[in-house]
>>> print(open('model.pdb').read())   # PDB, C-alpha atoms, pLDDT in the B column
MODEL        1
ATOM      1  CA  MET O1371     -40.343  17.769  39.347  1.00 52.00           C
ATOM      2  CA  ALA O1372     -39.891  14.878  37.054  1.00 56.00           C
ATOM      3  CA  ALA O1373     -36.377  13.824  36.279  1.00 59.00           C
ATOM      4  CA  LEU O1374     -35.334  14.792  32.787  1.00 59.00           C
ATOM      5  CA  ALA O1375     -34.286  11.938  30.558  1.00 61.00           C
ATOM      6  CA  ASN O1376     -30.922  12.166  28.899  1.00 61.00           C
ATOM      7  CA  THR O1377     -31.908  13.133  25.366  1.00 68.00           C
ATOM      8  CA  THR O1378     -28.464  13.792  24.010  1.00 71.00           C
ATOM      9  CA  ARG O1379     -26.927  11.256  21.711  1.00 71.00           C
ATOM     10  CA  PRO O1380     -23.427   9.966  22.317  1.00 65.00           C
ATOM     11  CA  ARG O1381     -21.012  11.535  19.881  1.00 67.00           C
ATOM     12  CA  ARG O1382     -19.323   9.382  17.282  1.00 65.00           C
ATOM     13  CA  ARG O1383     -15.576   9.606  16.997  1.00 59.00           C
ATOM     14  CA  SER O1384     -14.352  10.606  13.585  1.00 58.00           C
ATOM     15  CA  ALA O1385     -11.297   9.118  11.919  1.00 54.00           C
ATOM     16  CA  LEU O1386      -9.455  12.392  12.435  1.00 57.00           C
ATOM     17  CA  GLN O1387      -9.788  12.046  16.195  1.00 61.00           C
ATOM     18  CA  GLY O1388      -7.681   8.910  16.290  1.00 59.00           C
ATOM     19  CA  GLY O1389     -10.410   6.344  15.848  1.00 57.00           C
ATOM     20  CA  GLY O1390      -7.835   3.695  15.013  1.00 69.00           C
ATOM     21  CA  ALA O1391      -8.256   3.496  11.243  1.00 75.00           C
ATOM     22  CA  ARG O1392      -6.424   0.494   9.813  1.00 86.00           C
ATOM     23  CA  LEU O1393      -5.172  -0.152   6.304  1.00 86.00           C
ATOM     24  CA  PRO O1394      -5.420  -3.490   4.548  1.00 90.00           C
ATOM     25  CA  TRP O1395      -2.094  -5.248   3.905  1.00 88.00           C
ATOM     26  CA  TRP O1396      -2.185  -4.563   0.171  1.00 88.00           C
ATOM     27  CA  ALA O1397      -2.521  -0.799   0.691  1.00 90.00           C
ATOM     28  CA  VAL O1398       1.085  -0.810   1.905  1.00 88.00           C
ATOM     29  CA  ALA O1399       2.461  -3.723  -0.136  1.00 90.00           C
ATOM     30  CA  LEU O1400       1.382  -2.606  -3.616  1.00 92.00           C
ATOM     31  CA  PRO O1401       2.988   0.851  -3.541  1.00 92.00           C
ATOM     32  CA  ALA O1402       6.175  -0.696  -2.118  1.00 92.00           C
ATOM     33  CA  VAL O1403       6.314  -3.279  -4.919  1.00 90.00           C
ATOM     34  CA  ALA O1404       5.578  -0.641  -7.566  1.00 92.00           C
ATOM     35  CA  PHE O1405       8.306   1.627  -6.195  1.00 92.00           C
ATOM     36  CA  THR O1406      10.818  -1.237  -6.173  1.00 89.00           C
ATOM     37  CA  LEU O1407       9.984  -2.239  -9.744  1.00 88.00           C
ATOM     38  CA  LEU O1408      10.290   1.316 -11.017  1.00 89.00           C
ATOM     39  CA  LEU O1409      13.560   1.808  -9.177  1.00 88.00           C
ATOM     40  CA  THR O1410      14.857  -1.430 -10.708  1.00 84.00           C
ATOM     41  CA  LEU O1411      13.887  -0.188 -14.170  1.00 83.00           C
ATOM     42  CA  ILE O1412      15.709   3.093 -13.640  1.00 83.00           C
ATOM     43  CA  VAL O1413      18.878   1.583 -12.190  1.00 81.00           C
ATOM     44  CA  ASP O1414      19.107  -1.525 -14.355  1.00 73.00           C
ATOM     45  CA  GLY O1415      17.555  -0.224 -17.582  1.00 65.00           C
ATOM     46  CA  GLY O1416      20.365   1.975 -18.870  1.00 60.00           C
ATOM     47  CA  GLY O1417      23.309   0.011 -17.542  1.00 55.00           C
ATOM     48  CA  SER O1418      23.635  -2.715 -20.157  1.00 55.00           C
ATOM     49  CA  GLY O1419      23.559  -1.629 -23.760  1.00 56.00           C
ATOM     50  CA  ALA O1420      24.237  -5.163 -25.057  1.00 53.00           C
ATOM     51  CA  ALA O1421      21.234  -6.795 -23.333  1.00 56.00           C
ATOM     52  CA  LYS O1422      18.218  -7.471 -25.481  1.00 58.00           C
ATOM     53  CA  ASP O1423      14.810  -6.171 -24.484  1.00 61.00           C
ATOM     54  CA  GLY O1424      13.473  -9.697 -23.975  1.00 67.00           C
ATOM     55  CA  GLU O1425      16.269 -10.604 -21.573  1.00 76.00           C
ATOM     56  CA  SER O1426      15.782  -7.394 -19.635  1.00 74.00           C
ATOM     57  CA  ALA O1427      12.022  -7.943 -19.352  1.00 76.00           C
ATOM     58  CA  ALA O1428      12.504 -11.560 -18.266  1.00 81.00           C
ATOM     59  CA  ARG O1429      14.963 -10.469 -15.579  1.00 84.00           C
ATOM     60  CA  LEU O1430      12.533  -7.810 -14.388  1.00 80.00           C
ATOM     61  CA  LEU O1431       9.676 -10.323 -14.164  1.00 82.00           C
ATOM     62  CA  ALA O1432      11.884 -12.771 -12.274  1.00 86.00           C
ATOM     63  CA  THR O1433      12.814 -10.032  -9.805  1.00 85.00           C
ATOM     64  CA  ALA O1434       9.142  -9.112  -9.353  1.00 83.00           C
ATOM     65  CA  ALA O1435       8.237 -12.748  -8.725  1.00 84.00           C
ATOM     66  CA  GLN O1436      10.959 -13.038  -6.086  1.00 86.00           C
ATOM     67  CA  LEU O1437       9.720  -9.887  -4.364  1.00 82.00           C
ATOM     68  CA  LEU O1438       6.153 -11.116  -4.288  1.00 82.00           C
ATOM     69  CA  ARG O1439       7.155 -14.493  -2.836  1.00 82.00           C
ATOM     70  CA  GLY O1440       8.907 -12.783   0.037  1.00 71.00           C
TER
ENDMDL
END
>>> encode(input="model.pdb", output="structure tokens")
Amino acid sequence: MAALANTTRPRRRSALQGGGARLPWWAVALPAVAFTLLLTLIVDGGGSGAAKDGESAARLLATAAQLLRG
């Protein structure tokens, strides 16, 4: 008898089986920054009735810049 060759293919591991899927850095950073900015708008937006819209927006942009710098 001739030896039978192994004709079965090796199975590929799917991502659901713990294949070690990795996320890029921005997939975690962007939602965190967006959440922080929205939380800042909610907490800081209604607190000061005397602040002008331009001052509030400038403060928000400065906070966002600080968060992005680290």
>>> atom_distance(input="model.pdb", atom1="CA of Ala1427 in chain O", atom2="CA of Leu1407 in chain O")
11.4 Å
>>> atom_distance(input="model.pdb", atom1="CA of Gln1436 in chain O", atom2="CA of Val1403 in chain O")
10.9 Å
>>> atom_distance(input="model.pdb", atom1="CA of Leu1408 in chain O", atom2="CA of Pro1394 in chain O")
22.6 Å
>>> closest_residue(input="model.pdb", among="O:Leu1430, O:Trp1395, O:Arg1379, O:Ala1435", to="Ile1412 in chain O", atoms="all atoms listed in the file")
O:Leu1430
>>> closest_residue(input="model.pdb", among="O:Ala1428, O:Thr1433, O:Thr1378, O:Leu1438", to="Leu1409 in chain O", atoms="all atoms listed in the file")
O:Thr1433
